[in-house]
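Working notes for the structure below.
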Amino acid sequence: MLFIKKIFKHFKRKRIKGSCCVAIVDDSIPNPNPCGFRNYEFNLILDSMPNANIWTMSKTYPGSDAWFEHAYGQQYRLWKKNKKAYLLKVPQNKGRLYWLNTQKAYSFDLAYSIFLCTTYTLLPFYEKNNIPFVFVLYPGGGFGLNNASSDAMLKKVFQSPCFRGVVCTQPITCQYIIDKKFVTKDKILYQFGGYLQFLPNDVGKKICYPKDKPTLDICFVAYKYSPKGVDKGYDLFIKVAKKLVLKYDFIRFHVVGNFDANDIPIDSLESKIYFHGLLDAKQLQSFYSGMDICLSPNRPFKLFEGNFDGFPLGLDAMCFGVVLMLTDELKNNQGNYIDGEELIIIRPEEKDILSKIEPLIENISHLYKIGRNGAEKTFKILNPKNRANAIIKFLKQNLMEPK
């Protein structure tokens, strides 16, 4: 009799918790300061799919193929605290946030997760519950080129009987997983670049130098994952800034992210550099309207073996007419942007950066022309609603496939 009651309770739980068709399974949302592409992407999906909800995975450790050992997800108490703070800023998602215990049984028609690390960690849960899934293979997140551990994780994920499809955002990613024979082209949705957090209506008046302000402002926007932020090129940003202040007294420098003055000595920059911390979308709107150049000298293969960033890194800045100067060491641009007219491609070297940034500083009208061109192209090829619609269509296609 007790056994029968346990079976009944098990299936009752599956039916209640599996009431939505699509489960967006994530390790970090909700968070107290919702910002960035992940929040924006999930909100677009929720807006268009009333049968989708966000499920935050419980603290779960990866399998033995992973080169990392730390857990992903949130304990219930933290999730509950984060949810309360999150809903103060995103109240429209009330009733669409759930906590998922990966040790228990659930039934979803389709799961959607992002990054290799999260998806690989969720794989035993997906397979145990026979849940079909689609995931986004963004750069980072445990994915590395010619990284034996990453390859082992990819192989497990792609060979899973629950795997249905993958979204790729970089040419090198698509080519890599095809060349390695991990997956066939028919299972790939290619969406170049990343999610913008902004639409043209979000862009206000551009504050220009010298007409509207006495300074020309150069920013660095990134999250610190490594000491001194070498993977994002923060050390190069500081080196370049120290050289520029010797020549141009009217330039100011700005850092957005979890960097501060203690990461790298800022002597000679103390009165001309500002640390803004992490900014949400509304704060970035105001911030970027007063910026002129965004310097993103990121380097591949620094954070872990085979690691690289997506291109264009810093795409939000271009929405506001900010000239984006960034690297493309892996040739992911492939003609999407015209170098020198819509953005500036640099090498992750101080000399090369200075040789390309100084002509912009000395020709302000040309600088703002590049900024306008970059904004126009960005909204044309990276429209977030078009991107979300393509992914939603992909999810719906995979919903119709039998388990």
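Chain labels A, B, ... are given in the sequence in which chains occur in the structure tokens; within each chain residues are numbered consecutively from 1, and ligands are likewise numbered from 1 in the order shown.
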From segment 18-106 of chain A, collect each residue whose DSSP state is alpha helix (DSSP H) and return the set as a PyMOL selection string.
chain A and resi 36-48+76-89
Just want the 8 Å neighbourhood of segment 181-195 of chain A, counted on only C-alpha atoms, with same-chain residues fewer than 5 positions away dropped. Output as a list in words.
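Non-adjacent residues within range: Phe37, Tyr40, Glu41, Leu154, Lys155, Phe158, Gln159, Arg164, Gly165, Val166, Val167, Cys168, Thr169, Gln170, Pro171, Cys174, Gly310, Phe311, Pro312, Leu315, Leu382, Asn383, Pro384, Arg387, Ile391 and Phe394 of chain A.
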Residue neighbourhood segment 213-230 of chain A, 6 Å, only C-alpha atoms, exclusion window fewer than 4 positions, as a list in words
Tyr209, Tyr234, Phe250, Ile251, Arg252, Phe253, His254, Val255, Val256, Gly257, Asn258, Asp263, Met291, Asp292, Ile293, Cys294 and Leu295 of chain A
Emit the selected residues as a PDB file, in the first residue's frame, including C-alpha atoms.
ATOM      1  CA  TYR A 209      31.975  66.216 -28.172  1.00  0.00           C
ATOM      2  CA  TYR A 234      41.340  45.194 -19.525  1.00  0.00           C
ATOM      3  CA  PHE A 250      40.188  66.221 -22.878  1.00  0.00           C
ATOM      4  CA  ILE A 251      39.736  62.422 -22.850  1.00  0.00           C
ATOM      5  CA  ARG A 252      38.009  60.582 -20.001  1.00  0.00           C
ATOM      6  CA  PHE A 253      37.868  56.825 -19.445  1.00  0.00           C
ATOM      7  CA  HIS A 254      35.021  54.720 -18.083  1.00  0.00           C
ATOM      8  CA  VAL A 255      34.862  51.122 -16.851  1.00  0.00           C
ATOM      9  CA  VAL A 256      31.619  49.159 -16.547  1.00  0.00           C
ATOM     10  CA  GLY A 257      31.711  45.768 -14.834  1.00  0.00           C
ATOM     11  CA  ASN A 258      33.112  44.273 -11.641  1.00  0.00           C
ATOM     12  CA  ASP A 263      42.853  45.421 -10.338  1.00  0.00           C
ATOM     13  CA  MET A 291      30.144  57.564 -24.761  1.00  0.00           C
ATOM     14  CA  ASP A 292      32.153  58.012 -27.976  1.00  0.00           C
ATOM     15  CA  ILE A 293      34.377  54.920 -28.252  1.00  0.00           C
ATOM     16  CA  CYS A 294      34.026  51.460 -26.718  1.00  0.00           C
ATOM     17  CA  LEU A 295      37.356  49.630 -26.586  1.00  0.00           C
TER      18      LEU A 295
END
Filtered DSSP result for segment 231-279 of chain A, state strand (DSSP E), as a VMD selection string
chain A and resid 251 to 256 273 to 277
Per residue of segment 327-397 of chain A within 9 Å of segment 297-305 of chain A, record the nearest atom pair and its distance in Å to one decimal, counting only C-alpha atoms, with rows in chain order and ascending residue number, as CSV.
residue,atom,partner,partner_atom,distance
A:Thr327,CA,A:Pro297,CA,5.6
A:Asp328,CA,A:Asn298,CA,8.6
A:Glu329,CA,A:Pro300,CA,7.4
A:Leu330,CA,A:Pro300,CA,8.1
A:Ile346,CA,A:Pro297,CA,7.2
A:Arg347,CA,A:Pro297,CA,7.3
A:Pro348,CA,A:Pro297,CA,5.2
A:Glu349,CA,A:Pro297,CA,8.0
A:Ile353,CA,A:Pro297,CA,8.3
Show me, as a tab-separated table, the residues of segment 143-237 of chain A having an atom within 6 Å of segment 110-133 of chain A, each with the closest atom pair and its distance in Å, using only C-alpha atoms.
residue	atom	partner	partner_atom	distance
A:Phe143	CA	A:Leu116	CA	6.0
A:Cys162	CA	A:Pro132	CA	4.3
A:Phe163	CA	A:Phe133	CA	5.3
A:Arg164	CA	A:Phe133	CA	5.7
Filtering to C-alpha atoms, could you give me those residues as a tab-separated table (two decimals), in the first residue's frame?
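Saved result, part.tsv, follows:
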chain	number	residue	atom	x	y	z
A	143	PHE	CA	33.08	25.38	-24.63
A	162	CYS	CA	17.02	13.65	-25.81
A	163	PHE	CA	18.96	16.11	-27.99
A	164	ARG	CA	16.80	17.88	-30.60
From the options A:Asp47, A:Glu350, A:Asp280, A:Asp65, which residue's atoms come nearest to Gly142 of chain A, counting only C-alpha atoms?
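Between A:Asp47, A:Glu350, A:Asp280, A:Asp65, the residue approaching Gly142 of chain A most closely is A:Asp65.
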Coordinates-based distance that separates atom CA of Gln92 of chain A from atom CA of Pro34 of chain A (Å, one decimal)
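Computing the Euclidean distance for atom CA of Pro34 of chain A and atom CA of Gln92 of chain A yields 13.0 Å.
Proximity ranking of A:Gln74, A:Ser355, A:Gln197, A:Asn386 relative to Phe320 of chain A places A:Gln197 first, based on only C-alpha atoms.
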Between A:Met57, A:Ile364, A:Ile45, A:Ala148, single out the one closest to Val25 of chain A, counting only C-alpha atoms.
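Between A:Met57, A:Ile364, A:Ile45, A:Ala148, the residue approaching Val25 of chain A most closely is A:Met57.
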To one decimal place in Å, what is the distance between atom CA of Leu269 of chain A and atom CA of Lys247 of chain A?
12.7 Å
Minimum-distance residue to Phe379 of chain A, chosen among A:Ala71, A:Leu399, A:Leu354, A:Leu196 (using only C-alpha atoms):
A:Leu196
Identify which of the residues A:Lys380, A:Asn43, A:Pro50, A:Ala66 lies closest to Pro91 of chain A, counting only C-alpha atoms when measuring atom-to-atom distances.
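With only C-alpha atoms as the atom set, the closest residue is A:Asn43.
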Need to verify the contact set: Ala261 of chain A, 10 Å, only C-alpha atoms, exclusion of same-chain residues closer than 5 positions in sequence. Can you return it as a PyMOL selection string?
chain A and resi 255+266-267+269-270+273-275
Could you check how far atom CA of Pro265 of chain A sits from atom CA of Gly290 of chain A, in Å to one decimal?
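Those two atoms sit 25.5 Å apart.
Counting only C-alpha atoms, the residue from A:Ser64, A:Ser107, A:Ile264, A:Asn82 that sits nearest to Pro32 of chain A is A:Asn82.
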